[in-house]
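Coordinates as given in query.cif (mmCIF, C-alpha atoms and all ligand atoms):
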data_upload
loop_
_atom_site.label_atom_id
_atom_site.label_comp_id
_atom_site.auth_asym_id
_atom_site.auth_seq_id
_atom_site.Cartn_x
_atom_site.Cartn_y
_atom_site.Cartn_z
CA MET A 1 0.00 0.00 0.00
CA LYS A 2 1.18 3.49 -0.81
CA PHE A 3 0.41 6.39 1.53
CA ASP A 4 0.90 10.10 1.62
CA LEU A 5 1.07 10.33 5.44
CA HIS A 6 0.89 14.13 5.79
CA VAL A 7 -2.07 15.82 4.14
CA HIS A 8 -4.13 18.88 5.06
CA SER A 9 -7.74 19.73 4.22
CA CYS A 10 -9.62 23.04 4.23
CA TYR A 11 -10.27 22.40 7.94
CA SER A 12 -6.69 23.68 8.37
CA ARG A 13 -6.88 27.43 8.05
CA ASP A 14 -3.85 27.52 5.72
CA ALA A 15 -5.02 24.79 3.29
CA VAL A 16 -7.66 24.67 0.53
CA ASN A 17 -8.19 20.93 -0.14
CA LYS A 18 -11.84 19.93 0.06
CA PRO A 19 -12.34 16.37 1.36
CA GLU A 20 -13.76 15.42 -2.07
CA THR A 21 -10.60 16.73 -3.76
CA LEU A 22 -8.34 14.73 -1.45
CA ILE A 23 -10.16 11.47 -2.18
CA ARG A 24 -10.47 12.12 -5.92
CA ARG A 25 -6.78 12.97 -6.27
CA ALA A 26 -5.68 10.01 -4.12
CA LYS A 27 -7.78 7.68 -6.25
CA GLU A 28 -6.32 9.11 -9.47
CA LEU A 29 -2.81 8.54 -8.11
CA GLY A 30 -3.59 5.08 -6.71
CA ILE A 31 -2.55 6.10 -3.21
CA ASN A 32 -4.03 6.35 0.30
CA ILE A 33 -3.74 9.21 2.76
CA ALA A 34 -3.41 10.16 6.40
CA ILE A 35 -5.35 13.32 7.23
CA THR A 36 -3.19 15.46 9.53
CA ASP A 37 -4.86 18.85 9.86
CA HIS A 38 -3.53 21.46 12.26
CA ASN A 39 -5.04 20.88 15.73
CA THR A 40 -8.31 19.40 14.45
CA THR A 41 -9.74 16.05 13.42
CA ALA A 42 -12.88 17.61 11.89
CA ALA A 43 -12.28 16.42 8.32
CA TYR A 44 -12.01 12.73 9.16
CA PRO A 45 -15.73 11.75 9.46
CA LYS A 46 -16.42 13.27 6.03
CA LEU A 47 -13.35 11.66 4.46
CA LYS A 48 -14.29 8.30 5.94
CA LYS A 49 -17.77 8.54 4.45
CA ILE A 50 -16.78 9.63 0.95
CA SER A 51 -13.76 7.34 0.72
CA LYS A 52 -15.87 4.18 1.13
CA LYS A 53 -16.75 3.72 -2.53
CA SER A 54 -13.39 4.98 -3.79
CA GLY A 55 -11.16 2.25 -2.37
CA VAL A 56 -8.94 4.94 -0.84
CA SER A 57 -7.96 4.24 2.79
CA VAL A 58 -7.77 7.16 5.21
CA ILE A 59 -5.81 7.18 8.46
CA PRO A 60 -7.16 9.66 11.04
CA GLY A 61 -4.43 11.90 12.38
CA MET A 62 -3.50 15.40 13.44
CA GLU A 63 -0.54 17.79 13.37
CA MET A 64 -0.41 19.39 16.80
CA ASP A 65 1.05 22.63 18.16
CA ILE A 66 2.83 21.77 21.39
CA TYR A 67 3.71 23.99 24.30
CA SER A 68 5.62 23.75 27.57
CA GLU A 69 4.50 26.17 30.27
CA GLY A 70 3.08 28.39 27.55
CA LYS A 71 6.30 28.34 25.49
CA TYR A 72 5.87 27.07 21.91
CA LEU A 73 7.92 23.93 21.23
CA GLY A 74 6.83 23.19 17.66
CA GLU A 75 4.74 20.47 16.06
CA LEU A 76 4.30 16.74 16.54
CA SER A 77 1.86 14.55 14.61
CA ALA A 78 -0.26 11.54 15.45
CA LEU A 79 -1.61 8.74 13.25
CA PHE A 80 -4.50 6.38 14.08
CA LEU A 81 -5.82 9.03 16.43
CA GLN A 82 -9.31 8.38 17.82
CA GLU A 83 -10.01 11.89 19.05
CA ALA A 84 -8.23 15.24 19.35
CA PRO A 85 -6.13 15.30 22.54
CA LYS A 86 -7.35 17.67 25.24
CA ALA A 87 -3.84 18.74 26.32
CA ASN A 88 -1.51 20.87 24.23
CA GLU A 89 1.32 20.85 26.77
CA PHE A 90 4.30 18.56 26.61
CA PRO A 91 4.52 15.81 27.86
CA ALA A 92 0.78 15.45 28.74
CA ILE A 93 -0.23 15.50 25.07
CA VAL A 94 2.17 12.67 24.25
CA ASP A 95 0.72 10.60 27.11
CA GLU A 96 -2.80 11.15 25.73
CA ILE A 97 -1.74 10.03 22.28
CA LYS A 98 -0.11 6.90 23.64
CA LYS A 99 -3.24 6.15 25.73
CA GLN A 100 -5.27 6.19 22.52
CA ASP A 101 -2.82 3.70 21.04
CA ALA A 102 -2.08 6.23 18.30
CA LEU A 103 1.37 6.54 16.71
CA LEU A 104 3.52 9.61 17.27
CA TYR A 105 5.77 11.16 14.64
CA ALA A 106 7.86 14.28 14.24
CA PRO A 107 7.08 16.21 11.03
CA HIS A 108 9.88 18.17 9.26
CA PRO A 109 11.98 18.02 12.48
CA PHE A 110 15.01 19.98 11.20
CA ASP A 111 13.33 22.56 8.98
CA VAL A 112 14.39 25.80 10.66
CA PHE A 113 11.94 27.83 8.56
CA ARG A 114 8.98 25.83 9.86
CA SER A 115 7.74 24.58 13.19
CA GLY A 116 9.71 21.37 13.69
CA PHE A 117 9.71 20.16 17.29
CA ARG A 118 12.52 22.11 18.97
CA GLU A 119 13.46 19.57 21.62
CA LEU A 120 13.60 16.39 19.62
CA GLY A 121 16.00 14.76 22.09
CA THR A 122 13.39 14.87 24.85
CA VAL A 123 10.80 13.02 22.77
CA ALA A 124 12.98 10.77 20.54
CA LYS A 125 12.38 7.64 22.63
CA LYS A 126 8.60 8.07 22.37
CA LEU A 127 8.52 8.57 18.61
CA ASP A 128 7.07 5.78 16.51
CA ALA A 129 8.31 7.48 13.34
CA LEU A 130 10.16 10.46 11.97
CA GLU A 131 9.28 12.30 8.80
CA ALA A 132 12.52 11.71 6.92
CA PHE A 133 11.16 13.33 3.76
CA ASN A 134 8.79 16.29 3.62
CA SER A 135 8.03 17.76 0.17
CA ARG A 136 7.74 21.27 1.55
CA CYS A 137 11.31 21.44 2.91
CA TYR A 138 12.96 24.19 0.91
CA PHE A 139 16.48 22.84 1.48
CA SER A 140 17.12 19.13 0.91
CA GLY A 141 19.61 19.25 3.77
CA PHE A 142 16.74 19.42 6.27
CA ASN A 143 15.41 16.10 4.96
CA ARG A 144 18.89 14.53 4.84
CA LYS A 145 19.43 15.52 8.47
CA ALA A 146 16.07 13.98 9.43
CA GLU A 147 16.91 10.75 7.63
CA ALA A 148 20.31 10.52 9.34
CA TYR A 149 18.69 11.18 12.74
CA ALA A 150 16.11 8.42 12.16
CA ASP A 151 18.85 5.98 11.16
CA ALA A 152 21.07 6.87 14.12
CA HIS A 153 18.20 6.54 16.63
CA LYS A 154 16.56 3.55 14.91
CA ILE A 155 13.27 5.39 14.37
CA CYS A 156 10.94 4.36 11.55
CA LYS A 157 11.21 6.61 8.47
CA ILE A 158 8.07 7.95 6.85
CA ALA A 159 7.41 10.56 4.14
CA GLY A 160 4.70 13.14 3.62
CA SER A 161 3.87 15.79 1.05
CA ASP A 162 2.41 18.17 3.68
CA ALA A 163 -0.11 19.00 0.92
CA HIS A 164 -2.10 22.17 1.54
CA PHE A 165 -3.07 22.48 -2.15
CA PRO A 166 -4.33 19.86 -4.62
CA GLN A 167 -1.18 19.84 -6.78
CA GLU A 168 0.91 18.74 -3.78
CA ILE A 169 -1.04 15.58 -2.93
CA GLY A 170 1.06 12.43 -3.36
CA LYS A 171 4.41 14.23 -3.82
CA ALA A 172 5.85 12.04 -1.05
CA ILE A 173 5.06 8.39 -0.52
CA THR A 174 5.55 5.82 2.21
CA GLU A 175 5.16 2.31 0.86
CA PHE A 176 4.09 -0.64 3.02
CA ASN A 177 4.18 -4.34 2.33
CA CYS A 178 0.59 -5.00 3.42
CA ASP A 179 -3.00 -4.55 2.30
CA ASN A 180 -4.81 -3.10 5.33
CA LEU A 181 -4.48 -0.39 7.98
CA GLU A 182 -3.57 -2.80 10.77
CA GLY A 183 -0.68 -3.92 8.57
CA VAL A 184 0.40 -0.28 8.19
CA ARG A 185 0.43 0.17 11.96
CA LYS A 186 2.48 -3.01 12.43
CA ALA A 187 4.91 -2.07 9.65
CA ILE A 188 5.61 1.30 11.31
CA LYS A 189 6.21 -0.45 14.64
CA LYS A 190 8.65 -2.80 12.89
CA ARG A 191 10.25 0.09 10.97
CA ASN A 192 9.43 -1.68 7.74
CA THR A 193 8.78 1.16 5.27
CA ARG A 194 10.11 2.45 1.98
CA ILE A 195 10.00 6.18 1.32
CA TYR A 196 10.44 8.37 -1.73
CA GLY A 197 9.22 11.67 -3.07
CA GLU A 198 9.91 14.95 -4.74
CA LYS A 199 9.95 18.49 -3.49
CA SER A 200 7.06 20.83 -4.13
CA SER A 201 7.64 24.17 -5.82
CA PRO A 202 8.56 26.85 -3.25
CA ILE A 203 5.57 28.85 -4.52
CA VAL A 204 3.30 26.68 -2.32
CA HIS A 205 4.54 28.65 0.70
CA PHE A 206 3.31 31.83 -0.96
CA TYR A 207 -0.09 30.21 -1.59
CA THR A 208 -0.20 29.25 2.11
CA PHE A 209 0.48 32.89 2.97
CA LEU A 210 -2.45 33.95 0.75
CA ARG A 211 -4.79 31.32 2.13
CA LYS A 212 -4.07 32.37 5.74
CA ARG A 213 -5.25 35.85 4.73
CA LYS A 214 -8.40 34.32 3.19
CA LEU A 215 -7.35 35.32 -0.33
CA LEU A 216 -7.70 31.81 -1.77
CA LYS A 217 -10.85 29.73 -1.87
CA GLU A 218 -11.35 26.05 -1.03
CA ALA A 219 -10.61 23.83 -4.02
ZN ZN B 1 1.65 19.94 7.84
#

Please go through the file and, once you have read it, give me the structure as structure tokens.
Amino acid sequence: MKFDLHVHSCYSRDAVNKPETLIRRAKELGINIAITDHNTTAAYPKLKKISKKSGVSVIPGMEMDIYSEGKYLGELSALFLQEAPKANEFPAIVDEIKKQDALLYAPHPFDVFRSGFRELGTVAKKLDALEAFNSRCYFSGFNRKAEAYADAHKICKIAGSDAHFPQEIGKAITEFNCDNLEGVRKAIKKRNTRIYGEKSSPIVHFYTFLRKRKLLKEA
């Protein structure tokens, strides 16, 4: 199974992808997705409903802003999340995720232009995966550093497009040797993944800027 494990919908305030667009595009590409909106799981029920006939599998997830005593630490993401965690403070939020039996990963951990988790060392042992390739990293060195870190710490490597716009969906793929979601979960636990992808055009960051100012419509 092929997955883009980092995808945003229009329920993220900086993304335009309608749930219908995500499923249609995934089907066209022959891939599956994890929905990882910023601090919300609102898109998942709709995606689950409309994906049924399409054959596209959807993993419920979230990309979360994390704080420590009010200080911003950056983002961590969860896959197979049942509900949005109540905490946003570290480490309580990580405990909640683990209690839900969800998987924890660090998105774009070394991208200094974006909100990678600042104190990776404090959470490394709890990570089920590390995003070793993110299509939105402007410099490839950020991804190379992430891949080296995952190798050195024996953390499972995954890839995600971080799609906020339809043309980005599927730019990064994590491939699994299985045919169902339980197999995906097990493969991540066993660090049995293959990742590949390409970078998105830097212009996507400008589109994100426009969307945050409500200058672009849902698509
Ligand atoms: Zn993201």

Which protein, DNA or RNA residues have an atom within 8 Å of ligand ZN 1 (chain B), counting all atoms listed in the file, as a list in words?
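Answer in the requested format: His6, Val7, His8, Thr36, Asp37, His38, Glu63, Pro107, Asp162, Ala163 and His164 of chain A.
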
Separation of CA of Arg25 (chain A) from CA of Ser140 (chain A), in Å and rounded to one decimal:
25.7 Å

In terms of only C-alpha atoms, the residue from A:Lys186, A:Arg136, A:Arg144, A:Lys154 at minimal distance from Glu168 (chain A) is A:Arg136

Might you pull out every residue within 12 Å of region 43-52 of chain A, with all atoms listed in the file counted and same-chain residues fewer than 5 positions away left off, and present them as a PyMOL selection string?
chain A and resi 7-12+17-27+31-38+57-62+79-84

Long-range neighbours of Leu215 (chain A) as a ChimeraX atom specification, 12 Å cut-off, only C-alpha atoms, 6 positions minimum in chain
/A:13-16,206-209

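Nearest residue to Gly121 (chain A), choosing from A:Ala106, A:Cys137, A:Met64, A:Ala219 and counting only C-alpha atoms: A:Ala106.
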
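Using all atoms listed in the file, the nearest neighbour of Pro166 (chain A) within the list A:Asn88, A:Ser115, A:Ser200, A:Ser77 is A:Ser200.
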
Residue with smallest distance to Glu131 (chain A) - pool A:Ile195, A:Ala159, A:Cys178, A:Ile93, counting all atoms listed in the file
A:Ala159

Out of A:Asn143, A:Asn39, A:Asn192, A:Thr122, which residue has the shortest atom-to-atom distance to Ala87 (chain A) when counting all atoms listed in the file?
A:Asn39

Selection near Gly70 (chain A), 12 Å with only C-alpha atoms, sequence-local residues under 2 positions removed, as number ranges by chain:
A: 65-68, 72-74, 87-90

Which is closer to Lys98 (chain A) than all the others in A:Ile155, A:Ala150, A:Leu127, A:Val112, using all atoms listed in the file?
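Selected residue with least distance to Lys98 (chain A): A:Leu127.
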
Leaving out Ala148 (chain A) and any residue of its chain fewer than 6 positions from it, which residues lie within 12 Å of it when counting all atoms listed in the file, given as an NGL selection string?
:A and (109-110 or 130-133 or 141-142 or 154-157)
